[in-house]
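Pasted below: query.cif, mmCIF, C-alpha atoms.
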data_data
loop_
_atom_site.label_atom_id
_atom_site.label_comp_id
_atom_site.auth_asym_id
_atom_site.auth_seq_id
_atom_site.Cartn_x
_atom_site.Cartn_y
_atom_site.Cartn_z
CA MET A 1116 72.98 164.71 9.97
CA SER A 1117 69.45 163.81 10.91
CA LEU A 1118 67.66 165.24 13.91
CA LYS A 1119 67.81 161.83 15.57
CA ASP A 1120 71.58 161.64 15.20
CA LYS A 1121 72.03 165.14 16.60
CA ILE A 1122 69.97 164.27 19.69
CA LEU A 1123 71.92 161.05 20.32
CA GLU A 1124 75.24 162.86 19.92
CA LYS A 1125 74.20 165.50 22.45
CA VAL A 1126 73.07 162.87 24.97
CA ASN A 1127 76.32 160.91 24.63
CA SER A 1128 78.37 164.08 25.02
CA THR A 1129 76.48 165.03 28.18
CA ASN A 1130 76.86 161.56 29.72
CA SER A 1131 80.59 161.54 28.99
CA ALA A 1132 81.12 164.92 30.66
CA GLU A 1133 79.10 163.92 33.72
CA GLY A 1134 81.02 160.64 33.94
CA ALA A 1135 84.32 162.50 33.86
CA LYS A 1136 83.12 164.88 36.56
CA TRP A 1137 81.99 161.93 38.71
CA THR A 1138 85.36 160.19 38.31
CA ILE A 1139 87.28 163.33 39.34
CA GLY A 1140 84.93 163.81 42.29
CA LYS A 1141 85.51 160.28 43.50
CA ARG A 1142 89.27 160.73 43.25
CA ILE A 1143 89.17 163.94 45.25
CA LEU A 1144 87.00 162.27 47.88
CA PHE A 1145 89.32 159.27 48.06
CA LEU A 1146 92.41 161.45 48.43
CA THR A 1147 90.71 163.56 51.09
CA VAL A 1148 89.64 160.53 53.11
CA THR A 1149 93.08 158.92 52.75
CA ALA A 1150 94.84 162.09 53.87
CA SER A 1151 92.50 162.41 56.85
CA VAL A 1152 93.15 158.82 57.92
CA VAL A 1153 96.92 159.27 57.62
CA ILE A 1154 96.80 162.48 59.66
CA MET A 1155 94.71 160.75 62.33
CA ILE A 1156 97.13 157.80 62.52
CA VAL A 1157 100.19 160.04 62.69
CA GLY A 1158 98.49 162.21 65.30
CA ALA A 1159 97.58 159.19 67.41
CA ILE A 1160 101.14 157.85 67.26
CA SER A 1161 102.48 161.29 68.13
CA ILE A 1162 100.19 161.58 71.15
CA PHE A 1163 101.20 158.08 72.24
CA SER A 1164 104.92 158.85 71.92
CA LEU A 1165 104.64 162.19 73.71
CA THR A 1166 102.65 160.55 76.49
CA LYS A 1167 105.38 157.92 76.92
CA ILE A 1168 108.10 160.57 76.94
CA ASN A 1169 106.25 162.64 79.53
CA ALA A 1170 105.66 159.56 81.68
CA TYR A 1171 109.33 158.61 81.55
CA ALA A 1172 110.40 162.18 82.34
CA ASP A 1173 108.04 162.36 85.32
CA GLU A 1174 109.28 159.02 86.62
CA ILE A 1175 112.90 160.12 86.30
CA ALA A 1176 112.29 163.40 88.11
CA ASN A 1177 109.89 162.23 90.80
CA ALA A 1178 111.18 158.74 91.54
CA TYR A 1179 114.66 157.84 90.35
CA ILE A 1180 116.39 161.22 90.67
CA ALA A 1181 114.80 161.79 94.07
CA GLU A 1182 115.73 158.28 95.22
CA TRP A 1183 119.25 158.70 93.85
CA GLY A 1184 119.74 162.01 95.68
CA THR A 1185 118.49 160.60 98.97
CA ALA A 1186 120.42 157.34 98.64
CA SER A 1187 123.58 159.28 97.84
CA ALA A 1188 123.10 161.51 100.89
CA LEU A 1189 122.53 158.41 103.02
CA GLU A 1190 125.72 156.75 101.82
CA VAL A 1191 127.74 159.93 102.46
CA ALA A 1192 126.35 160.18 106.00
CA VAL A 1193 127.17 156.52 106.67
CA ARG A 1194 130.73 156.98 105.39
CA LYS A 1195 131.23 160.05 107.58
CA ALA A 1196 129.98 158.14 110.61
CA GLY A 1197 132.35 155.32 109.71
CA TYR A 1198 135.29 157.71 109.41
CA GLU A 1199 134.58 159.22 112.83
CA HIS A 1200 134.07 155.74 114.24
CA LEU A 1201 137.53 154.78 112.93
CA GLN A 1202 139.12 157.91 114.36
CA TYR A 1203 137.59 157.13 117.74
CA SER A 1204 138.98 153.59 117.57
CA ASN A 1205 142.46 154.97 116.95
CA SER A 1206 142.44 157.86 119.40
CA ASN A 1207 139.71 157.28 122.02
CA ASN A 1208 138.80 160.92 121.46
CA GLU A 1209 135.24 161.34 122.71
CA GLU A 1210 134.48 164.04 120.14
CA TYR A 1211 134.77 161.52 117.32
CA ILE A 1212 132.31 159.01 118.74
CA LYS A 1213 129.91 161.80 119.64
CA SER A 1214 130.03 163.10 116.06
CA ALA A 1215 129.56 159.58 114.70
CA LEU A 1216 126.46 159.02 116.81
CA ASP A 1217 125.11 162.46 115.91
CA ARG A 1218 125.21 161.37 112.25
CA PHE A 1219 122.32 159.03 112.88
CA GLU A 1220 119.85 161.89 112.86
CA LYS A 1221 120.83 162.49 109.23
CA ILE A 1222 120.99 158.77 108.42
CA GLU A 1223 117.54 158.10 109.88
CA GLY A 1224 116.11 161.14 108.09
CA GLU A 1225 117.37 159.90 104.73
CA TYR A 1226 116.00 156.45 105.51
CA ALA A 1227 112.55 157.97 106.17
CA GLU A 1228 112.62 159.62 102.73
CA LEU A 1229 113.61 156.37 101.05
CA GLU A 1230 110.80 154.59 102.84
CA GLU A 1231 108.35 157.16 101.46
CA TYR A 1232 109.66 156.66 97.91
CA GLU A 1233 109.38 152.90 98.29
CA GLN A 1234 105.72 153.22 99.30
CA THR A 1235 104.92 155.65 96.46
CA TYR A 1236 106.84 154.35 93.45
CA ASP A 1237 107.76 151.06 91.83
CA LEU A 1238 111.38 150.68 92.95
CA PRO A 1239 112.06 146.92 93.12
CA LEU A 1240 115.53 146.87 94.68
CA LEU A 1241 114.60 149.49 97.26
CA THR A 1242 111.51 147.44 98.13
CA ALA A 1243 113.69 144.36 98.54
CA GLU A 1244 116.27 146.15 100.72
CA ILE A 1245 114.28 148.70 102.74
CA GLY A 1246 113.73 146.28 105.63
CA ASN A 1247 117.39 145.24 105.67
CA LEU A 1248 118.42 148.89 105.58
CA LYS A 1249 116.35 149.74 108.65
CA THR A 1250 117.77 146.76 110.55
CA ALA A 1251 121.33 147.67 109.54
CA ILE A 1252 120.93 151.28 110.69
CA GLU A 1253 119.54 150.23 114.06
CA SER A 1254 122.17 147.54 114.53
CA TYR A 1255 125.09 149.81 113.69
CA LYS A 1256 123.82 152.51 116.04
CA LEU A 1257 123.37 150.07 118.93
CA ASN A 1258 126.77 148.45 118.41
CA LEU A 1259 128.49 151.81 118.12
CA GLN A 1260 126.94 152.84 121.42
CA ALA A 1261 127.99 149.52 122.95
CA PHE A 1262 131.55 150.08 121.72
CA ARG A 1263 131.61 153.50 123.35
CA GLU A 1264 130.24 152.15 126.62
CA ALA A 1265 132.74 149.26 126.69
CA ASN A 1266 135.60 151.67 126.09
CA GLU A 1267 134.42 153.99 128.86
CA GLU A 1268 133.92 151.07 131.22
CA LEU A 1269 137.47 149.85 130.68
CA ALA A 1270 138.91 153.34 130.98
CA THR A 1271 137.19 154.04 134.30
CA THR A 1272 137.48 150.70 136.07
CA ASN A 1273 139.54 150.40 139.22
CA ASP A 1274 138.99 146.68 139.57
CA LEU A 1275 142.11 145.02 138.19
CA SER A 1276 140.46 141.61 138.43
CA GLN A 1277 138.00 142.73 135.75
CA LEU A 1278 140.66 144.10 133.43
CA ASN A 1279 140.93 141.04 131.18
CA ALA A 1280 137.17 140.59 130.96
CA LEU A 1281 136.60 144.25 130.15
CA THR A 1282 139.37 144.21 127.56
CA SER A 1283 137.77 141.20 125.85
CA LYS A 1284 134.40 142.91 126.03
CA LEU A 1285 135.83 146.02 124.37
CA GLU A 1286 137.50 144.02 121.61
CA GLN A 1287 134.27 142.19 120.87
CA ALA A 1288 132.28 145.43 120.92
CA LYS A 1289 134.76 147.02 118.52
CA GLU A 1290 134.57 144.03 116.17
CA ASN A 1291 130.77 144.08 116.24
CA ALA A 1292 130.65 147.80 115.50
CA ASP A 1293 133.10 147.41 112.63
CA GLN A 1294 131.06 144.58 111.13
CA GLN A 1295 127.80 146.48 111.40
CA TYR A 1296 129.35 149.52 109.76
CA GLN A 1297 130.51 147.42 106.81
CA ASN A 1298 127.06 145.83 106.54
CA LEU A 1299 125.26 149.19 106.56
CA LEU A 1300 127.73 150.66 104.08
CA ALA A 1301 127.24 147.72 101.69
CA ILE A 1302 123.43 148.05 101.74
CA SER A 1303 123.42 151.84 101.39
CA SER A 1304 125.95 151.64 98.53
CA GLU A 1305 123.86 149.02 96.74
CA ILE A 1306 120.71 151.14 97.01
CA ASN A 1307 122.57 154.22 95.83
CA GLN A 1308 124.02 152.39 92.83
CA ALA A 1309 120.64 150.90 91.93
CA ALA A 1310 119.02 154.35 92.06
CA GLU A 1311 121.72 155.78 89.80
CA ASP A 1312 121.43 152.87 87.36
CA GLY A 1313 117.64 153.18 87.30
CA ALA A 1314 117.79 156.90 86.54
CA ARG A 1315 120.35 156.40 83.78
CA GLU A 1316 118.44 153.50 82.19
CA LEU A 1317 115.18 155.43 82.15
CA ALA A 1318 116.94 158.49 80.73
CA ALA A 1319 118.38 156.30 77.96
CA LEU A 1320 114.92 154.84 77.29
CA THR A 1321 113.46 158.35 77.09
CA SER A 1322 116.17 159.40 74.65
CA SER A 1323 115.54 156.30 72.55
CA THR A 1324 111.81 157.00 72.47
CA VAL A 1325 112.42 160.57 71.35
CA THR A 1326 114.74 159.32 68.59
CA ASN A 1327 112.29 156.65 67.41
CA TYR A 1328 109.35 159.04 67.17
CA ARG A 1329 111.21 162.20 66.22
CA TRP A 1330 109.93 162.19 62.63
CA ILE A 1331 106.33 161.91 63.80
CA ILE A 1332 106.72 164.64 66.39
CA THR A 1333 108.36 166.84 63.74
CA VAL A 1334 105.56 166.21 61.22
CA VAL A 1335 102.82 166.94 63.73
CA GLY A 1336 104.69 169.91 65.16
#
Before we go any further, please render this structure as structure tokens.
Amino acid sequence: MSLKDKILEKVNSTNSAEGAKWTIGKRILFLTVTASVVIMIVGAISIFSLTKINAYADEIANAYIAEWGTASALEVAVRKAGYEHLQYSNSNNEEYIKSALDRFEKIEGEYAELEEYEQTYDLPLLTAEIGNLKTAIESYKLNLQAFREANEELATTNDLSQLNALTSKLEQAKENADQQYQNLLAISSEINQAAEDGARELAALTSSTVTNYRWIITVVG
């Protein structure tokens, strides 16, 4: 082999080796960049999913569970007042009507908490009903007091000429109080049910989000 051929062979061999090294280098770089991009995408999705889960959990704890607890306590207090109201109607026992009226401290306290939740969180049904709830509480309290006063007035009168009028007044007062109790109970029950439904729906959504992104959270974790 001539000197020229030896030189050409050496040059070609060198170029081939360098080309192979360059090809391997590009592959490694491509794989590295691809892996980095995939990790970034998975990480971003994981952060997004965890953020959603945390947001749902906070909303459940701070809004819906709190609203549900307060609305449930309100409904219980209203039902207890209604029971004592009924017992007073049947017995004229003053202790029952006194207990029923004393319940309004609890009822009004629970209403104040619901009003605070309505101002702080996005609770559509509570927002729609909070004004009606306040009116219903006030109306039931006033009509219950009027029922008590009408009963006392009839029981203490000595004027027989007023007997029929006072009896009619008592019957009307009793009917009004009964109606206002049913109205307040319906509103408080609706708010309580809506709070429970909202908490359950958001809990289900949180569970669904965890299930949908579980593989990503597992990979990142």
Would you translate the PyMOL selection byres ((chain A and resi 1268) around 12) into the concrete set of residues it matches in this file, as a PyMOL selection string? chain A and resi 1261-1267+1269-1274+1277-1278+1280-1285+1288
Option closest in space to A:Ala1309, from A:Gln1287, A:Thr1242, A:Gln1202, A:Asn1207 [counting only C-alpha atoms]: A:Thr1242
Using the chain letters and numbering of this document, enumerate as an mmCIF file with C-alpha atoms, in the coordinates of the input the residues selected by the PyMOL selection byres ((chain A and resi 1251) around 9).
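The new file out.cif reads:
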data_model
loop_
_atom_site.group_PDB
_atom_site.id
_atom_site.type_symbol
_atom_site.label_atom_id
_atom_site.label_comp_id
_atom_site.auth_asym_id
_atom_site.auth_seq_id
_atom_site.Cartn_x
_atom_site.Cartn_y
_atom_site.Cartn_z
ATOM 1 C CA GLY A 1246 113.730 146.280 105.630
ATOM 2 C CA ASN A 1247 117.390 145.240 105.670
ATOM 3 C CA LEU A 1248 118.420 148.890 105.580
ATOM 4 C CA LYS A 1249 116.350 149.740 108.650
ATOM 5 C CA THR A 1250 117.770 146.760 110.550
ATOM 6 C CA ILE A 1252 120.930 151.280 110.690
ATOM 7 C CA GLU A 1253 119.540 150.230 114.060
ATOM 8 C CA SER A 1254 122.170 147.540 114.530
ATOM 9 C CA TYR A 1255 125.090 149.810 113.690
ATOM 10 C CA LYS A 1256 123.820 152.510 116.040
ATOM 11 C CA GLN A 1295 127.800 146.480 111.400
ATOM 12 C CA TYR A 1296 129.350 149.520 109.760
ATOM 13 C CA ASN A 1298 127.060 145.830 106.540
ATOM 14 C CA LEU A 1299 125.260 149.190 106.560
ATOM 15 C CA LEU A 1300 127.730 150.660 104.080
ATOM 16 C CA ILE A 1302 123.430 148.050 101.740
#
Which residue of A:Leu1275, A:Gly1313, A:Glu1290, A:Arg1194 approaches A:Phe1219 most closely, using all atoms listed in the file: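 So, comparing all the options, the nearest one is A:Arg1194.
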Name the closest residue to A:Glu1223 among the candidates A:Ala1301, A:Val1193, A:Ala1310, A:Ile1180; distances are taken between atoms, counting all atoms listed in the file.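 Going through A:Ala1301, A:Val1193, A:Ala1310, A:Ile1180 one by one, the smallest distance to A:Glu1223 is for A:Val1193.
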Surrounding residues of A:Ser1204 excluding itself and chain neighbours under 4 positions, 10 Å, all atoms listed in the file, as JSON, numbers by chain: {"A": [1198, 1199, 1200, 1208, 1211, 1212, 1262, 1263, 1266, 1289, 1293]}
